[in-house]
>>> print(open('start-v1.pdb').read())   # PDB, C-alpha atoms
ATOM      1  CA  MET A   1     171.543  13.760 194.925  1.00  0.00           C
ATOM      2  CA  ALA A   2     168.729  15.993 193.671  1.00  0.00           C
ATOM      3  CA  THR A   3     169.514  18.474 190.910  1.00  0.00           C
ATOM      4  CA  VAL A   4     167.560  21.354 189.385  1.00  0.00           C
ATOM      5  CA  GLU A   5     168.837  22.999 186.204  1.00  0.00           C
ATOM      6  CA  LEU A   6     167.808  26.373 184.802  1.00  0.00           C
ATOM      7  CA  ARG A   7     168.709  27.930 181.465  1.00  0.00           C
ATOM      8  CA  PHE A   8     167.642  31.430 180.583  1.00  0.00           C
ATOM      9  CA  SER A   9     168.437  34.033 177.963  1.00  0.00           C
ATOM     10  CA  ALA A  10     170.758  36.842 178.996  1.00  0.00           C
ATOM     11  CA  GLN A  11     167.996  39.240 179.978  1.00  0.00           C
ATOM     12  CA  PRO A  12     168.075  41.058 183.342  1.00  0.00           C
ATOM     13  CA  GLU A  13     164.404  40.301 184.024  1.00  0.00           C
ATOM     14  CA  HIS A  14     165.184  36.565 184.281  1.00  0.00           C
ATOM     15  CA  VAL A  15     167.584  37.070 187.206  1.00  0.00           C
ATOM     16  CA  ARG A  16     164.685  37.509 189.639  1.00  0.00           C
ATOM     17  CA  THR A  17     163.238  34.147 188.620  1.00  0.00           C
ATOM     18  CA  ALA A  18     166.612  32.456 189.161  1.00  0.00           C
ATOM     19  CA  ARG A  19     166.844  34.036 192.633  1.00  0.00           C
ATOM     20  CA  LEU A  20     163.370  32.825 193.609  1.00  0.00           C
ATOM     21  CA  VAL A  21     163.982  29.290 192.343  1.00  0.00           C
ATOM     22  CA  ALA A  22     167.363  29.139 194.132  1.00  0.00           C
ATOM     23  CA  ALA A  23     165.817  30.207 197.445  1.00  0.00           C
ATOM     24  CA  ALA A  24     162.978  27.696 197.130  1.00  0.00           C
ATOM     25  CA  VAL A  25     165.315  24.806 196.290  1.00  0.00           C
ATOM     26  CA  ALA A  26     167.750  25.828 199.052  1.00  0.00           C
ATOM     27  CA  ARG A  27     164.917  25.843 201.604  1.00  0.00           C
ATOM     28  CA  ARG A  28     163.805  22.387 200.457  1.00  0.00           C
ATOM     29  CA  ALA A  29     167.404  21.124 200.648  1.00  0.00           C
ATOM     30  CA  GLY A  30     167.686  22.149 204.300  1.00  0.00           C
ATOM     31  CA  VAL A  31     169.678  25.375 204.137  1.00  0.00           C
ATOM     32  CA  ASP A  32     169.143  27.353 207.343  1.00  0.00           C
ATOM     33  CA  GLU A  33     166.361  29.968 207.057  1.00  0.00           C
ATOM     34  CA  ALA A  34     168.743  32.664 208.320  1.00  0.00           C
ATOM     35  CA  VAL A  35     170.999  32.080 205.285  1.00  0.00           C
ATOM     36  CA  LEU A  36     168.321  32.122 202.565  1.00  0.00           C
ATOM     37  CA  ASP A  37     168.678  35.882 201.989  1.00  0.00           C
ATOM     38  CA  GLU A  38     172.393  35.368 201.387  1.00  0.00           C
ATOM     39  CA  VAL A  39     171.598  32.589 198.907  1.00  0.00           C
ATOM     40  CA  ARG A  40     169.164  34.885 197.077  1.00  0.00           C
ATOM     41  CA  LEU A  41     171.621  37.783 196.963  1.00  0.00           C
ATOM     42  CA  ALA A  42     174.595  35.651 195.892  1.00  0.00           C
ATOM     43  CA  VAL A  43     172.626  33.992 193.099  1.00  0.00           C
ATOM     44  CA  GLY A  44     171.322  37.389 192.004  1.00  0.00           C
ATOM     45  CA  GLU A  45     174.870  38.776 191.832  1.00  0.00           C
ATOM     46  CA  ALA A  46     176.218  35.737 189.981  1.00  0.00           C
ATOM     47  CA  CYS A  47     173.358  35.708 187.462  1.00  0.00           C
ATOM     48  CA  SER A  48     173.486  39.479 186.933  1.00  0.00           C
ATOM     49  CA  ARG A  49     177.219  39.195 186.336  1.00  0.00           C
ATOM     50  CA  ALA A  50     176.707  36.406 183.789  1.00  0.00           C
ATOM     51  CA  VAL A  51     173.963  38.383 182.025  1.00  0.00           C
ATOM     52  CA  GLY A  52     176.246  41.436 181.853  1.00  0.00           C
ATOM     53  CA  LEU A  53     179.126  39.391 180.460  1.00  0.00           C
ATOM     54  CA  HIS A  54     176.925  37.791 177.799  1.00  0.00           C
ATOM     55  CA  ARG A  55     175.414  41.104 176.751  1.00  0.00           C
ATOM     56  CA  SER A  56     178.714  43.020 176.648  1.00  0.00           C
ATOM     57  CA  ASN A  57     180.388  40.239 174.632  1.00  0.00           C
ATOM     58  CA  ASP A  58     177.438  39.613 172.274  1.00  0.00           C
ATOM     59  CA  VAL A  59     177.047  36.004 173.436  1.00  0.00           C
ATOM     60  CA  THR A  60     173.576  34.695 172.567  1.00  0.00           C
ATOM     61  CA  SER A  61     173.691  31.328 174.348  1.00  0.00           C
ATOM     62  CA  PRO A  62     171.741  30.970 177.607  1.00  0.00           C
ATOM     63  CA  ILE A  63     173.012  31.408 181.147  1.00  0.00           C
ATOM     64  CA  HIS A  64     172.942  28.092 182.998  1.00  0.00           C
ATOM     65  CA  VAL A  65     172.306  27.536 186.700  1.00  0.00           C
ATOM     66  CA  VAL A  66     172.637  24.151 188.399  1.00  0.00           C
ATOM     67  CA  LEU A  67     171.288  23.691 191.939  1.00  0.00           C
ATOM     68  CA  THR A  68     172.410  20.487 193.639  1.00  0.00           C
ATOM     69  CA  GLU A  69     171.349  18.983 196.948  1.00  0.00           C
ATOM     70  CA  GLU A  70     174.043  16.696 198.345  1.00  0.00           C
ATOM     71  CA  ASP A  71     174.279  14.786 201.637  1.00  0.00           C
ATOM     72  CA  LYS A  72     175.396  17.657 203.857  1.00  0.00           C
ATOM     73  CA  SER A  73     175.519  20.607 201.494  1.00  0.00           C
ATOM     74  CA  PHE A  74     173.647  22.546 198.865  1.00  0.00           C
ATOM     75  CA  SER A  75     175.531  23.987 195.905  1.00  0.00           C
ATOM     76  CA  ILE A  76     174.748  26.373 193.089  1.00  0.00           C
ATOM     77  CA  GLU A  77     176.755  26.777 189.907  1.00  0.00           C
ATOM     78  CA  VAL A  78     176.166  29.767 187.656  1.00  0.00           C
ATOM     79  CA  GLY A  79     177.827  29.423 184.275  1.00  0.00           C
ATOM     80  CA  ASP A  80     178.488  31.805 181.444  1.00  0.00           C
ATOM     81  CA  GLU A  81     179.958  31.169 178.004  1.00  0.00           C
ATOM     82  CA  VAL A  82     182.419  34.079 177.876  1.00  0.00           C
ATOM     83  CA  PRO A  83     185.938  32.598 177.677  1.00  0.00           C
ATOM     84  CA  GLY A  84     188.379  33.761 180.368  1.00  0.00           C
ATOM     85  CA  ALA A  85     186.310  36.704 181.663  1.00  0.00           C
ATOM     86  CA  VAL A  86     185.709  35.254 185.100  1.00  0.00           C
ATOM     87  CA  VAL A  87     189.367  34.635 185.902  1.00  0.00           C
ATOM     88  CA  ALA A  88     190.511  38.209 185.397  1.00  0.00           C
ATOM     89  CA  ALA A  89     188.013  39.766 187.775  1.00  0.00           C
ATOM     90  CA  ALA A  90     187.973  36.912 190.286  1.00  0.00           C
ATOM     91  CA  GLY A  91     191.710  37.022 190.821  1.00  0.00           C
ATOM     92  CA  ALA A  92     191.533  40.761 191.358  1.00  0.00           C
ATOM     93  CA  ALA A  93     188.631  40.344 193.825  1.00  0.00           C
ATOM     94  CA  GLY A  94     190.582  37.806 195.900  1.00  0.00           C
ATOM     95  CA  VAL A  95     188.291  34.857 195.070  1.00  0.00           C
ATOM     96  CA  PRO A  96     189.914  31.399 194.682  1.00  0.00           C
ATOM     97  CA  VAL A  97     190.368  30.753 190.975  1.00  0.00           C
ATOM     98  CA  THR A  98     191.071  27.738 188.804  1.00  0.00           C
ATOM     99  CA  GLY A  99     191.609  27.819 185.071  1.00  0.00           C
ATOM    100  CA  ASP A 100     193.493  30.089 182.729  1.00  0.00           C
ATOM    101  CA  PRO A 101     195.819  32.727 184.229  1.00  0.00           C
ATOM    102  CA  ALA A 102     194.465  36.242 184.721  1.00  0.00           C
ATOM    103  CA  PRO A 103     195.602  39.042 182.433  1.00  0.00           C
ATOM    104  CA  PRO A 104     197.608  41.939 183.893  1.00  0.00           C
ATOM    105  CA  ALA A 105     195.711  44.435 186.049  1.00  0.00           C
ATOM    106  CA  GLU A 106     196.154  47.214 183.478  1.00  0.00           C
ATOM    107  CA  ASP A 107     193.902  45.245 181.097  1.00  0.00           C
ATOM    108  CA  PHE A 108     190.812  45.956 183.264  1.00  0.00           C
ATOM    109  CA  ASP A 109     188.191  48.419 182.050  1.00  0.00           C
ATOM    110  CA  ASP A 110     184.873  49.610 183.546  1.00  0.00           C
ATOM    111  CA  VAL A 111     182.970  46.407 182.732  1.00  0.00           C
ATOM    112  CA  GLU A 112     185.620  44.269 184.391  1.00  0.00           C
ATOM    113  CA  GLY A 113     185.620  46.645 187.381  1.00  0.00           C
ATOM    114  CA  GLU A 114     181.895  45.989 187.841  1.00  0.00           C
ATOM    115  CA  ASP A 115     182.573  42.270 187.441  1.00  0.00           C
ATOM    116  CA  GLU A 116     185.254  42.455 190.122  1.00  0.00           C
ATOM    117  CA  MET A 117     182.826  44.232 192.476  1.00  0.00           C
ATOM    118  CA  GLY A 118     180.130  41.578 191.902  1.00  0.00           C
ATOM    119  CA  LEU A 119     182.589  38.798 192.694  1.00  0.00           C
ATOM    120  CA  ALA A 120     183.713  40.628 195.830  1.00  0.00           C
ATOM    121  CA  VAL A 121     180.072  40.857 196.973  1.00  0.00           C
ATOM    122  CA  ILE A 122     179.579  37.132 196.329  1.00  0.00           C
ATOM    123  CA  SER A 123     182.725  36.224 198.284  1.00  0.00           C
ATOM    124  CA  GLY A 124     181.423  38.367 201.160  1.00  0.00           C
ATOM    125  CA  LEU A 125     178.093  36.533 201.180  1.00  0.00           C
ATOM    126  CA  VAL A 126     179.307  32.956 200.666  1.00  0.00           C
ATOM    127  CA  ASP A 127     181.997  31.216 202.710  1.00  0.00           C
ATOM    128  CA  ASP A 128     182.543  28.458 200.163  1.00  0.00           C
ATOM    129  CA  VAL A 129     182.902  29.974 196.689  1.00  0.00           C
ATOM    130  CA  GLU A 130     185.073  28.928 193.775  1.00  0.00           C
ATOM    131  CA  VAL A 131     185.493  30.521 190.379  1.00  0.00           C
ATOM    132  CA  SER A 132     186.764  28.642 187.359  1.00  0.00           C
ATOM    133  CA  ALA A 133     187.170  29.523 183.719  1.00  0.00           C
ATOM    134  CA  GLY A 134     188.312  28.078 180.483  1.00  0.00           C
ATOM    135  CA  GLU A 135     187.961  28.408 176.761  1.00  0.00           C
ATOM    136  CA  HIS A 136     184.209  27.638 176.903  1.00  0.00           C
ATOM    137  CA  GLY A 137     183.292  30.101 179.669  1.00  0.00           C
ATOM    138  CA  GLY A 138     183.301  30.409 183.419  1.00  0.00           C
ATOM    139  CA  VAL A 139     181.492  28.995 186.418  1.00  0.00           C
ATOM    140  CA  ILE A 140     180.916  30.394 189.878  1.00  0.00           C
ATOM    141  CA  ARG A 141     180.289  27.562 192.346  1.00  0.00           C
ATOM    142  CA  MET A 142     178.842  28.399 195.753  1.00  0.00           C
ATOM    143  CA  SER A 143     177.852  26.012 198.520  1.00  0.00           C
ATOM    144  CA  TRP A 144     176.182  26.108 201.905  1.00  0.00           C
ATOM    145  CA  PRO A 145     175.816  23.480 204.642  1.00  0.00           C
ATOM    146  CA  THR A 146     172.431  21.855 205.162  1.00  0.00           C
ATOM    147  CA  THR A 147     170.795  20.487 208.251  1.00  0.00           C
ATOM    148  CA  PRO A 148     169.013  17.157 208.000  1.00  0.00           C
ATOM    149  CA  ALA A 149     165.250  17.242 208.409  1.00  0.00           C
ATOM    150  CA  THR A 150     164.089  16.192 211.844  1.00  0.00           C
ATOM    151  CA  VAL A 151     161.810  13.172 211.707  1.00  0.00           C
ATOM    152  CA  LEU A 152     159.266  13.158 214.505  1.00  0.00           C
ATOM    153  CA  PRO A 153     158.121   9.831 215.986  1.00  0.00           C
TER     154      PRO A 153
END
>>> encode(input="start-v1.pdb", output="structure tokens")
Amino acid sequence: MATVELRFSAQPEHVRTARLVAAAVARRAGVDEAVLDEVRLAVGEACSRAVGLHRSNDVTSPIHVVLTEEDKSFSIEVGDEVPGAVVAAAGAAGVPVTGDPAPPAEDFDDVEGEDEMGLAVISGLVDDVEVSAGEHGGVIRMSWPTTPATVLP
């Protein structure tokens, strides 16, 4: 199992780098070329969301991205360190959620509305997505199937 880990400060300009690295690692892992744009877009949305959460909650720790190549799949985890934020918006966006229960819908404000929209976009791009949250922050885990490399004789 090959793993690549990225950590970057919560600055919007670093999202592009995360997208490019994710696409390159996904290609190397065997993700279908037709799906690479979806990988790029989903990672961009997840990282932008994490950057926005960190900045709006004055969290100074880095965003972390883990890209993992497994036997028949490629997964990406984008983590933030904002406790409970992911669960509220994910539940409202219809994304499978594990972790702490979501607050009532009336607790949403504009920032959470944008968060909900970003999670809805991700769930539209990725068939296998899971959102989890806890007291130390949240994680969006996305995965795609891979095709084994053809070995020519």
>>> closest_residue(input="start-v1.pdb", among="A:Ser61, A:Ser132, A:Ser73, A:Gln11", to="Ala29 (chain A)", atoms="all atoms listed in the file")
A:Ser73
>>> resolve_selection(input="start-v1.pdb", expression="the PyMOL selection byres ((chain A and resi 69) around 7)", output="list of chain:residue names")
A:Met1, A:Ala2, A:Thr3, A:Ala29, A:Leu67, A:Thr68, A:Glu70, A:Asp71, A:Ser73, A:Phe74, A:Ser75
>>> resolve_selection(input="start-v1.pdb", expression="the PyMOL selection byres ((chain A and resi 20) around 12)", output="PyMOL selection string")
chain A and resi 6+14-19+21-27+36-37+39-44
>>> resolve_selection(input="start-v1.pdb", expression="the PyMOL selection byres ((chain A and resi 57) around 12)", output="mmCIF file with C-alpha atoms, keeping the file's coordinate frame")
data_model
loop_
_atom_site.group_PDB
_atom_site.id
_atom_site.type_symbol
_atom_site.label_atom_id
_atom_site.label_comp_id
_atom_site.auth_asym_id
_atom_site.auth_seq_id
_atom_site.Cartn_x
_atom_site.Cartn_y
_atom_site.Cartn_z
ATOM 1 C CA ALA A 10 170.758 36.842 178.996
ATOM 2 C CA ALA A 50 176.707 36.406 183.789
ATOM 3 C CA VAL A 51 173.963 38.383 182.025
ATOM 4 C CA GLY A 52 176.246 41.436 181.853
ATOM 5 C CA LEU A 53 179.126 39.391 180.460
ATOM 6 C CA HIS A 54 176.925 37.791 177.799
ATOM 7 C CA ARG A 55 175.414 41.104 176.751
ATOM 8 C CA SER A 56 178.714 43.020 176.648
ATOM 9 C CA ASP A 58 177.438 39.613 172.274
ATOM 10 C CA VAL A 59 177.047 36.004 173.436
ATOM 11 C CA THR A 60 173.576 34.695 172.567
ATOM 12 C CA SER A 61 173.691 31.328 174.348
ATOM 13 C CA ASP A 80 178.488 31.805 181.444
ATOM 14 C CA GLU A 81 179.958 31.169 178.004
ATOM 15 C CA VAL A 82 182.419 34.079 177.876
ATOM 16 C CA PRO A 83 185.938 32.598 177.677
ATOM 17 C CA GLY A 84 188.379 33.761 180.368
ATOM 18 C CA ALA A 85 186.310 36.704 181.663
ATOM 19 C CA VAL A 111 182.970 46.407 182.732
ATOM 20 C CA GLU A 112 185.620 44.269 184.391
ATOM 21 C CA GLY A 137 183.292 30.101 179.669
#
>>> closest_residue(input="start-v1.pdb", among="A:Gly30, A:Glu45, A:Val35, A:Val129", to="Lys72 (chain A)", atoms="all atoms listed in the file")
A:Gly30
>>> atom_distance(input="start-v1.pdb", atom1="CA of Cys47 (chain A)", atom2="CA of Val139 (chain A)")
10.6 Å
>>> closest_residue(input="start-v1.pdb", among="A:Val131, A:Val65, A:Val4, A:Val121", to="Glu77 (chain A)", atoms="all atoms listed in the file")
A:Val65
>>> atom_distance(input="start-v1.pdb", atom1="CA of Arg28 (chain A)", atom2="CA of Arg49 (chain A)")
25.7 Å
>>> decode(input="start-v1.pdb", residues="region 64-76 of chain A", atoms="all heavy atoms", output="PDB file, in the first residue's frame")
ATOM      1  N   HIS A  64      -4.608  18.514   6.247  1.00  0.00           N
ATOM      2  CA  HIS A  64      -3.844  17.322   5.899  1.00  0.00           C
ATOM      3  C   HIS A  64      -4.611  16.503   4.862  1.00  0.00           C
ATOM      4  O   HIS A  64      -5.826  16.383   4.903  1.00  0.00           O
ATOM      5  CB  HIS A  64      -3.462  16.482   7.119  1.00  0.00           C
ATOM      6  CG  HIS A  64      -4.619  16.155   8.013  1.00  0.00           C
ATOM      7  ND1 HIS A  64      -5.106  17.012   8.966  1.00  0.00           N
ATOM      8  CD2 HIS A  64      -5.378  15.047   8.096  1.00  0.00           C
ATOM      9  CE1 HIS A  64      -6.112  16.454   9.597  1.00  0.00           C
ATOM     10  NE2 HIS A  64      -6.308  15.271   9.088  1.00  0.00           N
ATOM     11  N   VAL A  65      -3.841  15.996   3.894  1.00  0.00           N
ATOM     12  CA  VAL A  65      -4.380  15.199   2.797  1.00  0.00           C
ATOM     13  C   VAL A  65      -3.567  13.912   2.745  1.00  0.00           C
ATOM     14  O   VAL A  65      -2.339  13.952   2.723  1.00  0.00           O
ATOM     15  CB  VAL A  65      -4.267  15.950   1.445  1.00  0.00           C
ATOM     16  CG1 VAL A  65      -4.849  15.123   0.313  1.00  0.00           C
ATOM     17  CG2 VAL A  65      -4.943  17.320   1.528  1.00  0.00           C
ATOM     18  N   VAL A  66      -4.264  12.782   2.724  1.00  0.00           N
ATOM     19  CA  VAL A  66      -3.604  11.481   2.641  1.00  0.00           C
ATOM     20  C   VAL A  66      -4.131  10.772   1.396  1.00  0.00           C
ATOM     21  O   VAL A  66      -5.341  10.569   1.247  1.00  0.00           O
ATOM     22  CB  VAL A  66      -3.880  10.624   3.898  1.00  0.00           C
ATOM     23  CG1 VAL A  66      -3.210   9.261   3.781  1.00  0.00           C
ATOM     24  CG2 VAL A  66      -3.414  11.347   5.150  1.00  0.00           C
ATOM     25  N   LEU A  67      -3.218  10.406   0.496  1.00  0.00           N
ATOM     26  CA  LEU A  67      -3.559   9.716  -0.742  1.00  0.00           C
ATOM     27  C   LEU A  67      -3.020   8.298  -0.634  1.00  0.00           C
ATOM     28  O   LEU A  67      -1.819   8.120  -0.438  1.00  0.00           O
ATOM     29  CB  LEU A  67      -2.930  10.438  -1.936  1.00  0.00           C
ATOM     30  CG  LEU A  67      -3.271  11.930  -2.019  1.00  0.00           C
ATOM     31  CD1 LEU A  67      -2.086  12.763  -1.610  1.00  0.00           C
ATOM     32  CD2 LEU A  67      -3.739  12.281  -3.388  1.00  0.00           C
ATOM     33  N   THR A  68      -3.906   7.309  -0.764  1.00  0.00           N
ATOM     34  CA  THR A  68      -3.503   5.926  -0.531  1.00  0.00           C
ATOM     35  C   THR A  68      -3.877   5.042  -1.712  1.00  0.00           C
ATOM     36  O   THR A  68      -5.036   5.000  -2.128  1.00  0.00           O
ATOM     37  CB  THR A  68      -4.181   5.373   0.746  1.00  0.00           C
ATOM     38  OG1 THR A  68      -3.900   6.263   1.829  1.00  0.00           O
ATOM     39  CG2 THR A  68      -3.672   3.988   1.074  1.00  0.00           C
ATOM     40  N   GLU A  69      -2.889   4.320  -2.207  1.00  0.00           N
ATOM     41  CA  GLU A  69      -3.099   3.338  -3.267  1.00  0.00           C
ATOM     42  C   GLU A  69      -3.234   1.973  -2.603  1.00  0.00           C
ATOM     43  O   GLU A  69      -2.325   1.509  -1.918  1.00  0.00           O
ATOM     44  CB  GLU A  69      -1.908   3.352  -4.217  1.00  0.00           C
ATOM     45  CG  GLU A  69      -1.995   2.347  -5.326  1.00  0.00           C
ATOM     46  CD  GLU A  69      -0.743   2.322  -6.194  1.00  0.00           C
ATOM     47  OE1 GLU A  69       0.122   3.210  -6.038  1.00  0.00           O
ATOM     48  OE2 GLU A  69      -0.649   1.404  -7.017  1.00  0.00           O
ATOM     49  N   GLU A  70      -4.392   1.344  -2.798  1.00  0.00           N
ATOM     50  CA  GLU A  70      -4.636   0.015  -2.251  1.00  0.00           C
ATOM     51  C   GLU A  70      -4.706  -0.971  -3.410  1.00  0.00           C
ATOM     52  O   GLU A  70      -4.464  -0.605  -4.549  1.00  0.00           O
ATOM     53  CB  GLU A  70      -5.909   0.044  -1.410  1.00  0.00           C
ATOM     54  CG  GLU A  70      -5.790   1.009  -0.229  1.00  0.00           C
ATOM     55  CD  GLU A  70      -7.103   1.265   0.486  1.00  0.00           C
ATOM     56  OE1 GLU A  70      -8.054   0.486   0.300  1.00  0.00           O
ATOM     57  OE2 GLU A  70      -7.171   2.259   1.223  1.00  0.00           O
ATOM     58  N   ASP A  71      -5.048  -2.236  -3.121  1.00  0.00           N
ATOM     59  CA  ASP A  71      -5.065  -3.259  -4.160  1.00  0.00           C
ATOM     60  C   ASP A  71      -5.947  -2.904  -5.348  1.00  0.00           C
ATOM     61  O   ASP A  71      -5.516  -2.948  -6.485  1.00  0.00           O
ATOM     62  CB  ASP A  71      -5.516  -4.607  -3.590  1.00  0.00           C
ATOM     63  CG  ASP A  71      -4.450  -5.236  -2.718  1.00  0.00           C
ATOM     64  OD1 ASP A  71      -3.262  -4.884  -2.888  1.00  0.00           O
ATOM     65  OD2 ASP A  71      -4.798  -6.054  -1.858  1.00  0.00           O
ATOM     66  N   LYS A  72      -7.212  -2.572  -5.086  1.00  0.00           N
ATOM     67  CA  LYS A  72      -8.140  -2.316  -6.179  1.00  0.00           C
ATOM     68  C   LYS A  72      -8.806  -0.960  -6.083  1.00  0.00           C
ATOM     69  O   LYS A  72      -9.824  -0.713  -6.715  1.00  0.00           O
ATOM     70  CB  LYS A  72      -9.213  -3.402  -6.214  1.00  0.00           C
ATOM     71  CG  LYS A  72      -8.645  -4.772  -6.524  1.00  0.00           C
ATOM     72  CD  LYS A  72      -9.720  -5.817  -6.552  1.00  0.00           C
ATOM     73  CE  LYS A  72      -9.099  -7.182  -6.824  1.00  0.00           C
ATOM     74  NZ  LYS A  72     -10.088  -8.238  -6.817  1.00  0.00           N
ATOM     75  N   SER A  73      -8.237  -0.079  -5.268  1.00  0.00           N
ATOM     76  CA  SER A  73      -8.832   1.249  -5.126  1.00  0.00           C
ATOM     77  C   SER A  73      -7.779   2.288  -4.774  1.00  0.00           C
ATOM     78  O   SER A  73      -6.672   1.969  -4.360  1.00  0.00           O
ATOM     79  CB  SER A  73      -9.929   1.238  -4.055  1.00  0.00           C
ATOM     80  OG  SER A  73      -9.365   1.032  -2.782  1.00  0.00           O
ATOM     81  N   PHE A  74      -8.167   3.518  -4.958  1.00  0.00           N
ATOM     82  CA  PHE A  74      -7.345   4.672  -4.624  1.00  0.00           C
ATOM     83  C   PHE A  74      -8.209   5.571  -3.753  1.00  0.00           C
ATOM     84  O   PHE A  74      -9.354   5.869  -4.109  1.00  0.00           O
ATOM     85  CB  PHE A  74      -6.931   5.407  -5.904  1.00  0.00           C
ATOM     86  CG  PHE A  74      -6.237   6.711  -5.653  1.00  0.00           C
ATOM     87  CD1 PHE A  74      -4.965   6.745  -5.116  1.00  0.00           C
ATOM     88  CD2 PHE A  74      -6.861   7.915  -5.964  1.00  0.00           C
ATOM     89  CE1 PHE A  74      -4.322   7.953  -4.887  1.00  0.00           C
ATOM     90  CE2 PHE A  74      -6.225   9.117  -5.738  1.00  0.00           C
ATOM     91  CZ  PHE A  74      -4.953   9.138  -5.199  1.00  0.00           C
ATOM     92  N   SER A  75      -7.695   5.968  -2.597  1.00  0.00           N
ATOM     93  CA  SER A  75      -8.500   6.805  -1.707  1.00  0.00           C
ATOM     94  C   SER A  75      -7.762   8.081  -1.330  1.00  0.00           C
ATOM     95  O   SER A  75      -6.525   8.128  -1.312  1.00  0.00           O
ATOM     96  CB  SER A  75      -8.898   6.041  -0.452  1.00  0.00           C
ATOM     97  OG  SER A  75      -7.763   5.734   0.321  1.00  0.00           O
ATOM     98  N   ILE A  76      -8.557   9.094  -1.038  1.00  0.00           N
ATOM     99  CA  ILE A  76      -8.033  10.385  -0.610  1.00  0.00           C
ATOM    100  C   ILE A  76      -8.810  10.800   0.621  1.00  0.00           C
ATOM    101  O   ILE A  76     -10.046  10.749   0.633  1.00  0.00           O
ATOM    102  CB  ILE A  76      -8.186  11.455  -1.703  1.00  0.00           C
ATOM    103  CG1 ILE A  76      -7.422  11.061  -2.965  1.00  0.00           C
ATOM    104  CG2 ILE A  76      -7.717  12.820  -1.189  1.00  0.00           C
ATOM    105  CD1 ILE A  76      -7.627  11.992  -4.140  1.00  0.00           C
TER     106      ILE A  76
END
